[in-house]
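J.: Structure file coords-v5.csv, CSV, C-alpha atoms, is pasted below:
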chain,number,residue,atom,x,y,z
A,1,MET,CA,0.0,0.0,0.0
A,2,ASP,CA,2.8,2.4,0.9
A,3,GLN,CA,4.6,1.7,-2.4
A,4,LEU,CA,1.4,2.4,-4.3
A,5,LEU,CA,1.0,5.7,-2.5
A,6,LEU,CA,4.6,6.6,-3.2
A,7,GLY,CA,4.0,5.7,-6.9
A,8,LEU,CA,1.0,8.1,-7.1
A,9,VAL,CA,3.0,10.9,-5.3
A,10,SER,CA,5.9,10.3,-7.8
A,11,LEU,CA,3.5,10.5,-10.8
A,12,GLY,CA,1.8,13.7,-9.5
A,13,SER,CA,5.2,15.3,-8.8
A,14,ILE,CA,6.4,14.5,-12.4
A,15,VAL,CA,3.3,16.3,-13.8
A,16,ALA,CA,3.8,19.3,-11.4
A,17,ALA,CA,7.5,19.5,-12.3
A,18,ALA,CA,6.6,19.5,-16.0
A,19,VAL,CA,4.0,22.3,-15.5
A,20,TRP,CA,6.4,24.5,-13.4
A,21,GLY,CA,9.2,23.7,-15.8
A,22,ARG,CA,7.2,25.1,-18.7
A,23,SER,CA,6.4,28.2,-16.7
A,24,ALA,CA,10.1,28.6,-15.8
A,25,ARG,CA,11.1,28.4,-19.5
A,26,TYR,CA,8.6,31.2,-20.4
A,27,ARG,CA,9.9,33.3,-17.5
A,28,GLU,CA,13.4,32.9,-18.7
A,29,LYS,CA,12.5,34.0,-22.2
A,30,LEU,CA,10.7,37.1,-20.8
A,31,TYR,CA,13.8,37.9,-18.7
A,32,GLN,CA,16.1,37.5,-21.7
A,33,ARG,CA,13.9,39.8,-23.8
A,34,LEU,CA,13.8,42.4,-21.0
A,35,GLN,CA,17.6,42.2,-20.8
A,36,ARG,CA,17.8,43.2,-24.4
A,37,GLU,CA,15.0,45.7,-24.7
A,38,SER,CA,14.2,47.3,-21.3
A,39,GLY,CA,16.1,49.8,-19.3
A,40,ASP,CA,14.0,49.3,-16.2
A,41,ALA,CA,16.3,47.6,-13.7
A,42,ASP,CA,13.4,46.9,-11.3
A,43,LEU,CA,11.4,45.2,-13.9
A,44,LYS,CA,14.3,43.0,-15.0
A,45,ALA,CA,15.0,42.1,-11.3
A,46,LEU,CA,11.4,41.1,-10.8
A,47,ALA,CA,11.4,39.0,-14.0
A,48,LEU,CA,14.6,37.2,-12.8
A,49,SER,CA,13.0,36.6,-9.4
A,50,ASP,CA,9.9,35.1,-11.1
A,51,PHE,CA,12.2,32.8,-13.1
A,52,ARG,CA,14.2,31.7,-10.1
A,53,LYS,CA,11.0,30.9,-8.1
A,54,ASP,CA,9.6,28.8,-10.9
A,55,LEU,CA,12.9,27.0,-11.4
A,56,HIS,CA,13.1,26.3,-7.7
A,57,THR,CA,9.6,24.9,-7.6
A,58,THR,CA,10.4,22.7,-10.7
A,59,ILE,CA,13.5,21.3,-9.0
A,60,LEU,CA,11.5,20.7,-5.8
A,61,TYR,CA,8.9,18.6,-7.6
A,62,ALA,CA,11.5,16.8,-9.7
A,63,VAL,CA,13.4,15.7,-6.5
A,64,LEU,CA,10.2,14.7,-4.8
A,65,ALA,CA,9.2,12.6,-7.9
A,66,LEU,CA,12.6,10.9,-7.9
A,67,ALA,CA,12.6,10.2,-4.2
A,68,ALA,CA,9.0,8.9,-4.2
A,69,GLY,CA,9.6,6.8,-7.3
A,70,ALA,CA,12.7,5.3,-5.8
A,71,GLY,CA,10.8,4.5,-2.6
A,72,ALA,CA,8.0,2.8,-4.6
A,73,VAL,CA,10.5,0.7,-6.5
A,74,ALA,CA,13.3,-0.1,-4.1
A,75,GLY,CA,11.6,0.1,-0.7
A,76,ARG,CA,11.6,2.7,2.0
A,77,SER,CA,15.3,2.7,2.8
A,78,ALA,CA,16.2,3.8,-0.8
A,79,GLY,CA,13.4,6.4,-0.7
A,80,ALA,CA,14.6,7.7,2.6
A,81,ILE,CA,18.1,8.1,1.2
A,82,LEU,CA,16.9,9.9,-1.9
A,83,LEU,CA,14.7,12.2,0.2
A,84,ALA,CA,17.9,13.6,1.5
A,85,VAL,CA,18.3,15.0,-2.0
A,86,MET,CA,15.6,17.4,-0.9
A,87,LEU,CA,18.5,19.4,0.7
A,88,VAL,CA,19.1,20.7,-2.9
A,89,PRO,CA,15.9,22.8,-3.1
A,90,ILE,CA,16.3,23.7,0.6
A,91,ALA,CA,19.8,25.0,-0.2
A,92,ILE,CA,18.4,27.0,-3.1
A,93,SER,CA,15.8,28.6,-0.8
A,94,LEU,CA,18.6,29.5,1.7
A,95,VAL,CA,20.8,31.0,-1.0
A,96,PHE,CA,18.1,33.1,-2.7
A,97,GLY,CA,15.8,33.5,0.3
A,98,ARG,CA,17.0,37.0,1.0
A,99,ASN,CA,16.7,38.0,-2.6
A,100,PHE,CA,13.2,36.6,-2.7
A,101,VAL,CA,12.2,38.8,0.3
A,102,ASN,CA,13.7,41.9,-1.2
A,103,GLU,CA,12.2,41.2,-4.6
A,104,ALA,CA,8.8,40.7,-2.9
A,105,ARG,CA,9.2,44.1,-1.2
A,106,LEU,CA,10.1,45.6,-4.6
A,107,GLU,CA,7.1,44.1,-6.2
A,108,HIS,CA,4.9,45.4,-3.4
A,109,SER,CA,6.3,48.9,-3.9
A,110,ARG,CA,5.7,48.8,-7.6
A,111,SER,CA,2.1,47.5,-7.1
A,112,GLU,CA,1.5,50.5,-4.8
A,113,LEU,CA,2.9,52.9,-7.4
A,114,GLU,CA,0.7,51.3,-10.1
A,115,ARG,CA,-2.4,51.5,-7.8
A,116,ARG,CA,-1.7,55.2,-7.1
A,117,ALA,CA,-1.2,55.8,-10.8
A,118,GLN,CA,-4.5,54.1,-11.5
A,119,GLU,CA,-6.2,56.2,-8.9
A,120,VAL,CA,-4.8,59.4,-10.6
A,121,LEU,CA,-6.1,58.1,-14.0
A,122,VAL,CA,-9.5,57.4,-12.6
A,123,GLN,CA,-9.6,60.9,-11.1
A,124,GLU,CA,-8.6,62.4,-14.4
A,125,ASP,CA,-11.4,60.5,-16.1
A,126,LEU,CA,-13.9,61.7,-13.5
A,127,ALA,CA,-12.8,65.3,-13.6
A,128,PRO,CA,-14.4,66.2,-16.9
A,129,ARG,CA,-17.6,64.6,-15.9
A,130,ARG,CA,-17.7,66.5,-12.6
A,131,TRP,CA,-17.0,69.8,-14.5
A,132,ALA,CA,-19.7,68.9,-17.0
A,133,ALA,CA,-22.2,68.2,-14.1
A,134,ARG,CA,-21.5,71.8,-12.8
A,135,LEU,CA,-21.6,73.5,-16.2
A,136,ALA,CA,-24.4,71.6,-17.8
A,137,PRO,CA,-26.3,69.6,-15.1
A,138,GLU,CA,-28.4,66.6,-16.1
A,139,GLU,CA,-30.9,67.3,-13.4
A,140,LEU,CA,-32.7,70.7,-13.0
A,141,PRO,CA,-35.3,71.7,-10.4
A,142,ASP,CA,-38.9,72.0,-11.5
A,143,PHE,CA,-40.1,75.4,-12.5
A,144,PRO,CA,-43.9,75.7,-12.1
A,145,GLY,CA,-45.4,77.2,-15.2
A,146,PHE,CA,-42.5,76.2,-17.5
A,147,GLU,CA,-41.3,73.0,-19.3
A,148,VAL,CA,-37.6,72.7,-19.6
A,149,GLY,CA,-35.6,70.4,-21.9
A,150,ARG,CA,-31.8,70.1,-22.2
A,151,VAL,CA,-29.1,68.0,-23.8
A,152,TYR,CA,-25.4,68.1,-23.4
A,153,GLN,CA,-22.8,66.0,-25.2
A,154,ALA,CA,-19.1,66.4,-24.5
A,155,GLY,CA,-16.7,66.7,-27.4
A,156,ALA,CA,-13.3,65.2,-28.0
A,157,GLY,CA,-11.5,67.5,-25.5
A,158,LEU,CA,-10.8,66.5,-21.9
A,159,MET,CA,-12.7,69.5,-20.4
A,160,ALA,CA,-15.9,71.3,-21.6
A,161,GLY,CA,-16.3,75.0,-22.3
A,162,ASP,CA,-20.1,74.9,-23.1
A,163,PHE,CA,-22.5,75.6,-20.3
A,164,TYR,CA,-26.2,76.4,-19.6
A,165,ASP,CA,-28.2,77.5,-16.6
A,166,VAL,CA,-31.9,77.8,-15.7
A,167,PHE,CA,-32.8,79.5,-12.4
A,168,ARG,CA,-35.2,82.1,-10.9
A,169,PRO,CA,-33.5,85.4,-10.2
A,170,ALA,CA,-36.9,86.5,-8.7
A,171,ASP,CA,-40.2,84.9,-7.9
A,172,THR,CA,-41.8,86.1,-11.1
A,173,ARG,CA,-38.8,85.7,-13.4
A,174,LEU,CA,-37.1,82.7,-14.9
A,175,ALA,CA,-33.6,83.1,-16.5
A,176,ALA,CA,-32.3,80.7,-19.2
A,177,VAL,CA,-28.6,81.1,-20.1
A,178,ILE,CA,-26.4,79.3,-22.6
A,179,GLY,CA,-22.8,80.0,-23.3
A,180,ASP,CA,-19.6,78.8,-24.9
A,181,VAL,CA,-16.0,79.6,-24.0
A,182,ALA,CA,-13.5,79.4,-26.9
A,183,GLY,CA,-11.1,76.5,-26.7
A,184,GLN,CA,-10.9,73.3,-24.8
A,185,GLY,CA,-9.1,72.2,-21.6
A,186,ILE,CA,-9.0,73.2,-18.0
A,187,GLU,CA,-8.7,77.0,-18.5
A,188,PRO,CA,-11.8,77.5,-20.7
A,189,ALA,CA,-13.7,75.2,-18.3
A,190,ILE,CA,-12.7,77.4,-15.3
A,191,THR,CA,-13.7,80.5,-17.2
A,192,ALA,CA,-17.1,78.9,-18.1
A,193,PHE,CA,-17.6,78.1,-14.4
A,194,GLN,CA,-16.8,81.6,-13.3
A,195,ALA,CA,-19.0,83.2,-16.0
A,196,LYS,CA,-22.0,81.0,-15.2
A,197,TYR,CA,-22.0,81.8,-11.5
A,198,LEU,CA,-21.1,85.5,-11.8
A,199,LEU,CA,-24.0,85.9,-14.2
A,200,ARG,CA,-26.3,84.5,-11.6
A,201,VAL,CA,-25.3,87.3,-9.2
A,202,PHE,CA,-25.7,90.0,-11.9
A,203,LEU,CA,-29.1,88.8,-13.1
A,204,ARG,CA,-30.3,89.1,-9.5
A,205,GLN,CA,-29.0,92.7,-9.4
A,206,TYR,CA,-30.3,93.9,-12.8
A,207,ARG,CA,-33.7,93.3,-14.4
A,208,ASP,CA,-32.2,94.1,-17.8
A,209,PRO,CA,-30.1,91.2,-19.1
A,210,ALA,CA,-28.0,93.7,-21.2
A,211,GLN,CA,-26.8,95.4,-18.0
A,212,ALA,CA,-26.0,92.0,-16.5
A,213,LEU,CA,-23.9,91.2,-19.6
A,214,GLU,CA,-22.1,94.5,-19.4
A,215,GLU,CA,-21.1,93.9,-15.8
A,216,LEU,CA,-20.1,90.3,-16.5
A,217,ASN,CA,-18.0,91.5,-19.4
A,218,ARG,CA,-16.2,94.1,-17.2
A,219,GLN,CA,-15.5,91.5,-14.5
A,220,MET,CA,-14.3,88.8,-16.8
A,221,SER,CA,-12.2,91.1,-18.9
A,222,ALA,CA,-10.4,92.3,-15.7
A,223,MET,CA,-9.0,88.8,-15.2
A,224,GLY,CA,-6.5,89.4,-18.0
A,225,ARG,CA,-7.2,86.3,-20.1
A,226,GLY,CA,-6.7,88.0,-23.5
A,227,GLU,CA,-6.7,84.7,-25.4
A,228,GLU,CA,-10.2,83.8,-24.3
A,229,PHE,CA,-13.7,85.0,-25.2
A,230,ILE,CA,-17.2,83.9,-24.5
A,231,SER,CA,-20.4,83.8,-26.6
A,232,LEU,CA,-23.5,83.9,-24.4
A,233,CYS,CA,-27.3,84.3,-24.6
A,234,VAL,CA,-29.6,85.3,-21.8
A,235,VAL,CA,-33.4,85.0,-22.0
A,236,LEU,CA,-35.6,86.3,-19.1
A,237,PHE,CA,-39.2,85.2,-18.9
A,238,ASP,CA,-41.2,87.6,-16.8
A,239,THR,CA,-44.5,86.1,-15.9
A,240,GLN,CA,-45.7,89.3,-14.0
A,241,ALA,CA,-45.0,91.6,-16.9
A,242,GLY,CA,-45.9,89.0,-19.5
A,243,THR,CA,-42.7,89.5,-21.5
A,244,LEU,CA,-39.6,87.8,-22.7
A,245,ARG,CA,-36.5,89.9,-22.7
A,246,TYR,CA,-33.2,88.7,-24.1
A,247,ALA,CA,-29.6,89.8,-24.8
A,248,SER,CA,-26.9,88.0,-26.7
A,249,ALA,CA,-23.2,88.4,-26.7
A,250,GLY,CA,-22.2,87.2,-30.1
A,251,HIS,CA,-24.0,83.9,-29.6
A,252,PRO,CA,-25.6,81.8,-32.4
A,253,ALA,CA,-29.2,82.8,-33.0
A,254,ALA,CA,-31.7,81.4,-30.6
A,255,TRP,CA,-35.1,80.6,-32.0
A,256,LEU,CA,-38.5,81.6,-30.5
A,257,TRP,CA,-41.9,80.0,-31.4
A,258,HIS,CA,-44.3,83.0,-30.9
A,259,GLU,CA,-47.5,84.0,-32.6
A,260,ARG,CA,-47.4,80.8,-34.8
A,261,GLU,CA,-44.1,81.6,-36.3
A,262,VAL,CA,-40.4,80.9,-35.6
A,263,ARG,CA,-38.3,84.0,-35.2
A,264,PRO,CA,-34.5,84.4,-34.5
A,265,LEU,CA,-33.1,86.0,-31.4
A,266,ARG,CA,-29.8,87.3,-32.8
A,267,ALA,CA,-26.8,88.8,-31.1
A,268,THR,CA,-27.3,92.2,-29.5
A,269,GLY,CA,-23.6,92.8,-28.7
A,270,PRO,CA,-20.1,91.5,-29.2
A,271,LEU,CA,-18.4,88.5,-27.7
A,272,LEU,CA,-17.6,88.9,-24.0
A,273,MET,CA,-13.9,89.6,-23.0
A,274,LEU,CA,-13.0,91.3,-26.3
A,275,ASP,CA,-13.6,94.9,-25.1
A,276,PRO,CA,-14.1,95.7,-21.4
A,277,ALA,CA,-16.1,98.8,-22.4
A,278,ALA,CA,-18.4,97.0,-24.8
A,279,THR,CA,-22.1,97.9,-24.7
A,280,PHE,CA,-25.1,95.5,-25.1
A,281,ILE,CA,-28.8,96.0,-25.7
A,282,SER,CA,-31.7,93.9,-24.8
A,283,ARG,CA,-34.9,93.3,-26.8
A,284,GLU,CA,-38.4,92.6,-25.4
A,285,ILE,CA,-41.2,90.5,-26.8
A,286,PRO,CA,-44.7,89.8,-25.4
A,287,LEU,CA,-44.8,86.4,-23.7
A,288,GLU,CA,-47.7,84.1,-24.4
A,289,PRO,CA,-48.7,80.6,-23.2
A,290,ASN,CA,-47.0,77.9,-25.3
A,291,ASP,CA,-44.2,80.2,-26.5
A,292,LEU,CA,-41.0,78.1,-26.8
A,293,CYS,CA,-37.4,79.4,-26.8
A,294,LEU,CA,-34.7,77.1,-28.2
A,295,LEU,CA,-31.0,77.9,-27.4
A,296,TYR,CA,-27.9,76.0,-28.4
A,297,THR,CA,-24.1,76.3,-28.8
A,298,ASP,CA,-22.2,76.3,-32.1
A,299,GLY,CA,-21.2,72.7,-31.6
A,300,LEU,CA,-24.7,71.9,-33.0
A,301,SER,CA,-25.0,74.4,-35.8
A,302,GLU,CA,-21.4,73.7,-37.0
A,303,VAL,CA,-21.7,69.9,-37.3
A,304,ARG,CA,-20.3,69.0,-40.7
A,305,SER,CA,-21.2,66.6,-43.5
A,306,GLY,CA,-18.4,67.1,-46.0
A,307,SER,CA,-18.3,70.9,-46.7
A,308,GLN,CA,-21.9,71.4,-45.5
A,309,LEU,CA,-22.9,72.7,-42.1
A,310,PHE,CA,-25.9,71.5,-40.1
A,311,GLY,CA,-26.7,75.2,-39.9
A,312,GLU,CA,-29.2,77.4,-38.1
A,313,GLU,CA,-32.0,76.8,-40.6
A,314,ARG,CA,-32.2,73.1,-40.0
A,315,ILE,CA,-32.5,73.9,-36.3
A,316,ALA,CA,-35.3,76.4,-36.9
A,317,ASN,CA,-37.1,73.9,-39.3
A,318,ALA,CA,-37.1,71.3,-36.5
A,319,LEU,CA,-39.1,73.7,-34.4
A,320,ARG,CA,-41.4,74.7,-37.3
A,321,ARG,CA,-42.3,71.1,-38.1
A,322,ASP,CA,-43.5,70.4,-34.6
A,323,PRO,CA,-43.9,73.4,-32.4
A,324,GLY,CA,-45.9,71.5,-29.8
A,325,VAL,CA,-43.2,68.9,-29.2
A,326,SER,CA,-42.0,68.4,-25.7
A,327,PRO,CA,-38.9,70.6,-25.0
A,328,ASP,CA,-36.9,67.5,-23.9
A,329,VAL,CA,-37.9,65.6,-27.0
A,330,LEU,CA,-37.0,68.5,-29.2
A,331,CYS,CA,-33.5,68.7,-27.7
A,332,LYS,CA,-32.8,65.0,-28.0
A,333,SER,CA,-34.2,64.8,-31.6
A,334,LEU,CA,-32.0,67.8,-32.6
A,335,LEU,CA,-28.9,66.0,-31.3
A,336,GLU,CA,-29.9,62.8,-33.1
A,337,ALA,CA,-30.5,64.7,-36.3
A,338,ALA,CA,-27.0,66.2,-36.1
A,339,ARG,CA,-25.4,62.8,-35.5
A,340,ASP,CA,-27.2,61.4,-38.5
A,341,PHE,CA,-26.2,64.4,-40.6
A,342,SER,CA,-22.5,64.3,-39.5
A,343,SER,CA,-20.0,62.5,-41.8
A,344,GLY,CA,-18.0,61.6,-38.7
A,345,PRO,CA,-18.0,61.8,-34.9
A,346,ILE,CA,-19.0,65.2,-33.4
A,347,ASN,CA,-15.8,66.5,-31.8
A,348,ASP,CA,-17.1,69.7,-30.4
A,349,ASP,CA,-19.1,70.1,-27.2
A,350,VAL,CA,-22.9,70.4,-27.9
A,351,ALA,CA,-25.4,72.0,-25.5
A,352,ILE,CA,-29.1,72.5,-26.3
A,353,LEU,CA,-31.7,74.1,-24.0
A,354,ALA,CA,-35.4,74.6,-24.7
A,355,ILE,CA,-38.0,76.3,-22.5
A,356,ARG,CA,-41.7,76.6,-23.0
A,357,ARG,CA,-44.2,78.8,-21.1
A,358,ALA,CA,-47.0,76.4,-20.1
For the file at hand, write its structure as structure tokens.
T.:
Amino acid sequence: MDQLLLGLVSLGSIVAAAVWGRSARYREKLYQRLQRESGDADLKALALSDFRKDLHTTILYAVLALAAGAGAVAGRSAGAILLAVMLVPIAISLVFGRNFVNEARLEHSRSELERRAQEVLVQEDLAPRRWAARLAPEELPDFPGFEVGRVYQAGAGLMAGDFYDVFRPADTRLAAVIGDVAGQGIEPAITAFQAKYLLRVFLRQYRDPAQALEELNRQMSAMGRGEEFISLCVVLFDTQAGTLRYASAGHPAAWLWHEREVRPLRATGPLLMLDPAATFISREIPLEPNDLCLLYTDGLSEVRSGSQLFGEERIANALRRDPGVSPDVLCKSLLEAARDFSSGPINDDVAILAIRRA
């Protein structure tokens, strides 16, 4: 019975030695390749360590197979003698033991560095989304008496410069804002963030959106960012006065469904941050139930199919075809239409905002 058991141990050890031997061979090939191609000393040391460990395990199983096989064939005494050969892998462990410990510490340190690097990459990936959530939030509060739709799609850049905002500067007024800071990256995103929240302050101070834009322009121009400029459109719905008042700083034309027709709300002043002393005007239109205002950034109107632009007229026609459509559906269908029109991916940021007086 003992000889049968030793025979099984010997057979199993032969299989294990073959498996570990193959692994050791591949580890050696990797180490040799790193010796030729890599300048990373730590990486080469870890590859050599992995090879030595697999080689040590191979020798251990080979000696165990030999000892168990001898015991099964020649009896226990011969097996006991050959088990002394186990001193060979033990000696290897004693010789390389210190190296194994040091190399394990090195591998632990590298894994910590890789973990921290991965955390940094994750944070870098989350940062644009967090900025976008502040500049163009997916969730907006309910505004009784109004329906609000919005869509935002980030472009190819890491950070967004498009933004929108909907809020009440007073109980009887609702402000809708959309803007676009030139460029991509962290600086335009910061500028967009500052402009959005400064404008909230100024729209609470001034009933006239043109005055709010002039004050915003002075404040933003004073920051000394000569390479940046902002296009921006503000629409104020005044339910007490029954009016819609708007001002636009060089922004693409917004579209208003009013009195059974679609009319453009074009720029009433220059881009922000071009001239600190620039003046703006506002225009006022009677506000009626079911009036709908559609605002967007140039990432939508400038979507290309070859040499053709998606253009303002296609946007206006979408509103003309179905003026009673839900604002949210209108925004989403416009983005889908632009994607279908485009001959490639849309690389610019796109923000769309629609507000209807219920």
J.: With 12 Å as the cut-off and all atoms listed in the file counted, what is the closest atom pair between each nearby residue of range 194-270 of chain A and range 172-183 of chain A? Distances in Å to one decimal, ordered by chain and number, as CSV.
T.:
residue,atom,partner,partner_atom,distance
A:Gln194,CA,A:Val181,CA,10.9
A:Ala195,CA,A:Gly179,CA,8.8
A:Lys196,CA,A:Gly179,CA,8.2
A:Tyr197,CA,A:Val177,CA,10.9
A:Leu199,CA,A:Val177,CA,8.9
A:Arg200,CA,A:Ala175,CA,8.9
A:Val201,CA,A:Ala175,CA,11.8
A:Phe202,CA,A:Ala175,CA,11.5
A:Leu203,CA,A:Ala175,CA,8.0
A:Arg204,CA,A:Ala175,CA,9.8
A:Tyr206,CA,A:Arg173,CA,11.8
A:Arg207,CA,A:Arg173,CA,9.2
A:Asp208,CA,A:Ala175,CA,11.2
A:Pro209,CA,A:Ala175,CA,9.2
A:Ala212,CA,A:Ala175,CA,11.7
A:Leu213,CA,A:Val177,CA,11.2
A:Met220,CA,A:Val181,CA,11.8
A:Arg225,CA,A:Ala182,CA,11.6
A:Gly226,CA,A:Ala182,CA,11.5
A:Glu227,CA,A:Ala182,CA,8.8
A:Glu228,CA,A:Ala182,CA,6.1
A:Phe229,CA,A:Ala182,CA,5.9
A:Ile230,CA,A:Val181,CA,4.5
A:Ser231,CA,A:Asp180,CA,5.3
A:Leu232,CA,A:Gly179,CA,4.1
A:Cys233,CA,A:Ile178,CA,5.5
A:Val234,CA,A:Val177,CA,4.6
A:Val235,CA,A:Ala176,CA,5.2
A:Leu236,CA,A:Ala175,CA,4.6
A:Phe237,CA,A:Leu174,CA,5.2
A:Asp238,CA,A:Arg173,CA,4.6
A:Thr239,CA,A:Thr172,CA,5.5
A:Gln240,CA,A:Thr172,CA,5.8
A:Ala241,CA,A:Thr172,CA,8.6
A:Gly242,CA,A:Thr172,CA,9.8
A:Thr243,CA,A:Arg173,CA,9.8
A:Leu244,CA,A:Arg173,CA,9.6
A:Arg245,CA,A:Ala175,CA,9.6
A:Tyr246,CA,A:Ala176,CA,9.4
A:Ala247,CA,A:Val177,CA,9.9
A:Ser248,CA,A:Gly179,CA,9.6
A:Ala249,CA,A:Gly179,CA,9.1
A:Gly250,CA,A:Gly179,CA,9.9
A:His251,CA,A:Gly179,CA,7.5
A:Pro252,CA,A:Gly179,CA,9.7
A:Ala253,CA,A:Ile178,CA,11.3
A:Ala254,CA,A:Ile178,CA,9.8
J.: With distances taken over all atoms listed in the file, which of A:Cys293, A:Val303, A:Val325, A:Val148 is nearest to Val350 in chain A?
T.: A:Val303
J.: So which one's closest to Leu330 in chain A, A:Tyr26, A:Tyr296, A:Trp20, A:Phe51? Using only C-alpha atoms, please.
T.: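 Among the listed residues, A:Tyr296 lies closest to Leu330 in chain A.
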J.: Fewer than 4 positions away in the same chain doesn't count, so skip those; otherwise give me all residues within 6 Å of Gly69 in chain A, counting only C-alpha atoms, as a list in words.
T.: Gly7, Ser10 and Ala65 of chain A
J.: Rounded to one decimal in Å, what is the spacing between CA of Ala316 in chain A and CA of Gly155 in chain A?
T.: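 That distance, rounded to one decimal, is 23.0 Å.
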J.: Between CA of Pro289 in chain A and CA of Arg356 in chain A, what distance in Å does the model show, to one decimal?
T.: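 Result for CA of Pro289 in chain A versus CA of Arg356 in chain A: 8.1 Å, one decimal.
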J.: What is the CA of Glu288 in chain A-CA of Glu259 in chain A distance in Å, reported with one decimal?
T.: 8.2 Å
J.: For range 22-24 of chain A, list every protein, DNA or RNA residue within 10 Å, evaluated using only C-alpha atoms, and leave out those in the same chain fewer than 2 positions away; present the list as a ChimeraX atom specification.
T.: /A:16-20,26-30,50-58
J.: Considering only C-alpha atoms, can you say which of A:Leu135, A:Ala154, A:Leu265, A:Ala358 comes closest to Phe193 in chain A?
T.: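 Ranked by minimum distance to Phe193 in chain A, first place goes to A:Leu135.
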J.: Can you tell me which residues surround Ser221 in chain A at a distance of at most 6 Å, considering only C-alpha atoms, apart from same-chain residues fewer than 4 positions away, and format the answer as a PDB file with C-alpha atoms, in the coordinates of the input?
T.:
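As written to disk, selection-v5.pdb reads:
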ATOM      1  CA  ASN A 217     -18.000  91.500 -19.400  1.00  0.00           C
ATOM      2  CA  MET A 273     -13.900  89.600 -23.000  1.00  0.00           C
ATOM      3  CA  PRO A 276     -14.100  95.700 -21.400  1.00  0.00           C
TER       4      PRO A 276
END
J.: Check the smallest atom-to-atom distance from each of A:Leu60, A:Arg283, A:Arg263, A:Glu139 to Gly21 in chain A using only C-alpha atoms, then report the winner.
T.: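 So, comparing all the options, the nearest one is A:Leu60.
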